[in-house]
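Participant: The structure's right below; bear with me while I get my questions together.
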Amino acid sequence: GLALGSAGLLLRAPPQSAGAAAPAPAPYDAFAEGYDSLDSGAAAEAFGVEKLRQRVIGGLARGRVLEFAAGTGLNLRYYRPQEVSTLDAFDLSEGMLEVAKRRVAAGEAGGMDVRLRVADATRTGYPSDAFDSVVDTFSMCVFDDPVAVLREMKRVVRPGGKVVLLEHSRSDNGLLGAYQDVTAEPVKAMGKGCSWNQDVVRLAAEAGLGAPEIQERYNMGTFSVLTFVKPIAAAAAS
């Protein structure tokens, strides 16, 4: 469900990724069949989540794409087959991926051949420098070690390629940011482990991704769209 009331004063579980990979897959396996009712529909639409997914997936994902924490495949319908040459996606939860496979079979990926597999976001097993775009939506907040995940994103994206993120973030509105800090622990407990007050830009810098090429804030600064370009010189170091 949604975290933010219209003034940021309603404490609810925040919208998660398209199936965010948690530290252990079992909880997500248990509610995979009902997961979409939490993260799509009227509530998500009211907060503009569907439009943001379209902005990030349809507007920014290009070429050879890898989606982190793809879960039930909520993002599949937003990819543009004419812009995406290959689409790989993974999640830690087998149960979530079973739902995603049904989506692919039903044509929600626009006829694209989507390669789905179980993997850990810190050690995906994909080759280095293999993708033009690496995508994640609303997952960073649940990873135990988000910096390690961002480093893995940097490793698998090619030099000159883009890491594309749609994430919960600490608001740049002082009062709302302070509210997020105060409520971070109860929200984490209620929201499947989501730390909704992360400074994603700082985490990305710590992972070696540098400054964002694009940084857009939505919902009073609590959602961020970010892109990072892997430097050409980073190829040897990744």
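Residues are named by chain letter and number: chains run A, B, ... in the order of the structure tokens, numbers start at 1 in each chain, and ligands are numbered from 1 in the order shown.
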Mind checking which residues fall within 10 Å of Gly177 (chain A), counting only C-alpha atoms, ignoring those fewer than 2 positions away in the same chain, and posting them as a list in words?

Facilitator: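 The neighbour list is Gly8, Ser169, Arg170, Ser171, Asp172, Asn173, Gly174, Leu175, Tyr179, Gln180, Asp181, Val182, Thr183, Trp196, Asn197, Met220, Gly221 and Thr222 of chain A.
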
Participant: Hey, what's within 7 Å of Lys154 (chain A) if we count only C-alpha atoms and toss same-chain stuff fewer than 2 positions away? As an MDAnalysis selection string, please?

Facilitator: chainID A and resid 150:152 156:157 209 230 238

Participant: Next, write the just-selected residues to a file, as a PDB file, in the first residue's frame, keeping N, CA, C and O atoms as the atom set.

Facilitator:
ATOM      1  N   LEU A 150      23.980  -1.130  -5.554  1.00  0.00           N
ATOM      2  CA  LEU A 150      24.336  -0.091  -6.516  1.00  0.00           C
ATOM      3  C   LEU A 150      25.692  -0.382  -7.163  1.00  0.00           C
ATOM      4  O   LEU A 150      25.878  -0.122  -8.364  1.00  0.00           O
ATOM      5  N   ARG A 151      26.611  -0.944  -6.408  1.00  0.00           N
ATOM      6  CA  ARG A 151      27.897  -1.338  -7.001  1.00  0.00           C
ATOM      7  C   ARG A 151      27.704  -2.443  -8.029  1.00  0.00           C
ATOM      8  O   ARG A 151      28.378  -2.476  -9.065  1.00  0.00           O
ATOM      9  N   GLU A 152      26.790  -3.363  -7.733  1.00  0.00           N
ATOM     10  CA  GLU A 152      26.503  -4.431  -8.694  1.00  0.00           C
ATOM     11  C   GLU A 152      25.859  -3.854  -9.959  1.00  0.00           C
ATOM     12  O   GLU A 152      26.161  -4.291 -11.074  1.00  0.00           O
ATOM     13  N   VAL A 156      27.455  -4.275 -13.867  1.00  0.00           N
ATOM     14  CA  VAL A 156      26.836  -4.951 -15.013  1.00  0.00           C
ATOM     15  C   VAL A 156      26.475  -3.992 -16.147  1.00  0.00           C
ATOM     16  O   VAL A 156      26.266  -4.438 -17.280  1.00  0.00           O
ATOM     17  N   VAL A 157      26.357  -2.680 -15.872  1.00  0.00           N
ATOM     18  CA  VAL A 157      26.032  -1.738 -16.953  1.00  0.00           C
ATOM     19  C   VAL A 157      27.309  -1.409 -17.725  1.00  0.00           C
ATOM     20  O   VAL A 157      28.406  -1.357 -17.162  1.00  0.00           O
ATOM     21  N   LEU A 209      28.984   5.691  -8.362  1.00  0.00           N
ATOM     22  CA  LEU A 209      28.209   6.080  -9.550  1.00  0.00           C
ATOM     23  C   LEU A 209      28.305   7.575  -9.857  1.00  0.00           C
ATOM     24  O   LEU A 209      27.853   8.013 -10.910  1.00  0.00           O
ATOM     25  N   LYS A 230      27.477   5.461 -16.355  1.00  0.00           N
ATOM     26  CA  LYS A 230      28.752   4.864 -15.974  1.00  0.00           C
ATOM     27  C   LYS A 230      29.858   5.460 -16.820  1.00  0.00           C
ATOM     28  O   LYS A 230      29.809   5.406 -18.057  1.00  0.00           O
ATOM     29  N   SER A 238      35.428  -1.622 -12.824  1.00  0.00           N
ATOM     30  CA  SER A 238      34.154  -2.181 -12.351  1.00  0.00           C
ATOM     31  C   SER A 238      34.267  -3.666 -12.054  1.00  0.00           C
ATOM     32  O   SER A 238      35.210  -4.309 -12.427  1.00  0.00           O
TER      33      SER A 238
END

Participant: Find the residue from A:Pro146, A:Gly95, A:Pro212, A:Gly59 that sits nearest to Leu226 (chain A); use only C-alpha atoms when measuring.

Facilitator: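 Among A:Pro146, A:Gly95, A:Pro212, A:Gly59, it is A:Pro212 that comes nearest to Leu226 (chain A).
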
Participant: Go through A:Asp91, A:Glu98, A:Asp199, A:Glu108 one by one, measure the shortest atom-to-atom distance of each to Ala121 (chain A) using only C-alpha atoms, and give the residue with the smallest value.

Facilitator: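 Comparing A:Asp91, A:Glu98, A:Asp199, A:Glu108 against Ala121 (chain A), the winner is A:Asp91.
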
Participant: Go through A:Ser195, A:Ser128, A:Ser93, A:Ser85 and flag the residue nearest Phe143 (chain A), using only C-alpha atoms for the distances.

Facilitator: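 For Phe143 (chain A), the nearest of the given residues is A:Ser195.
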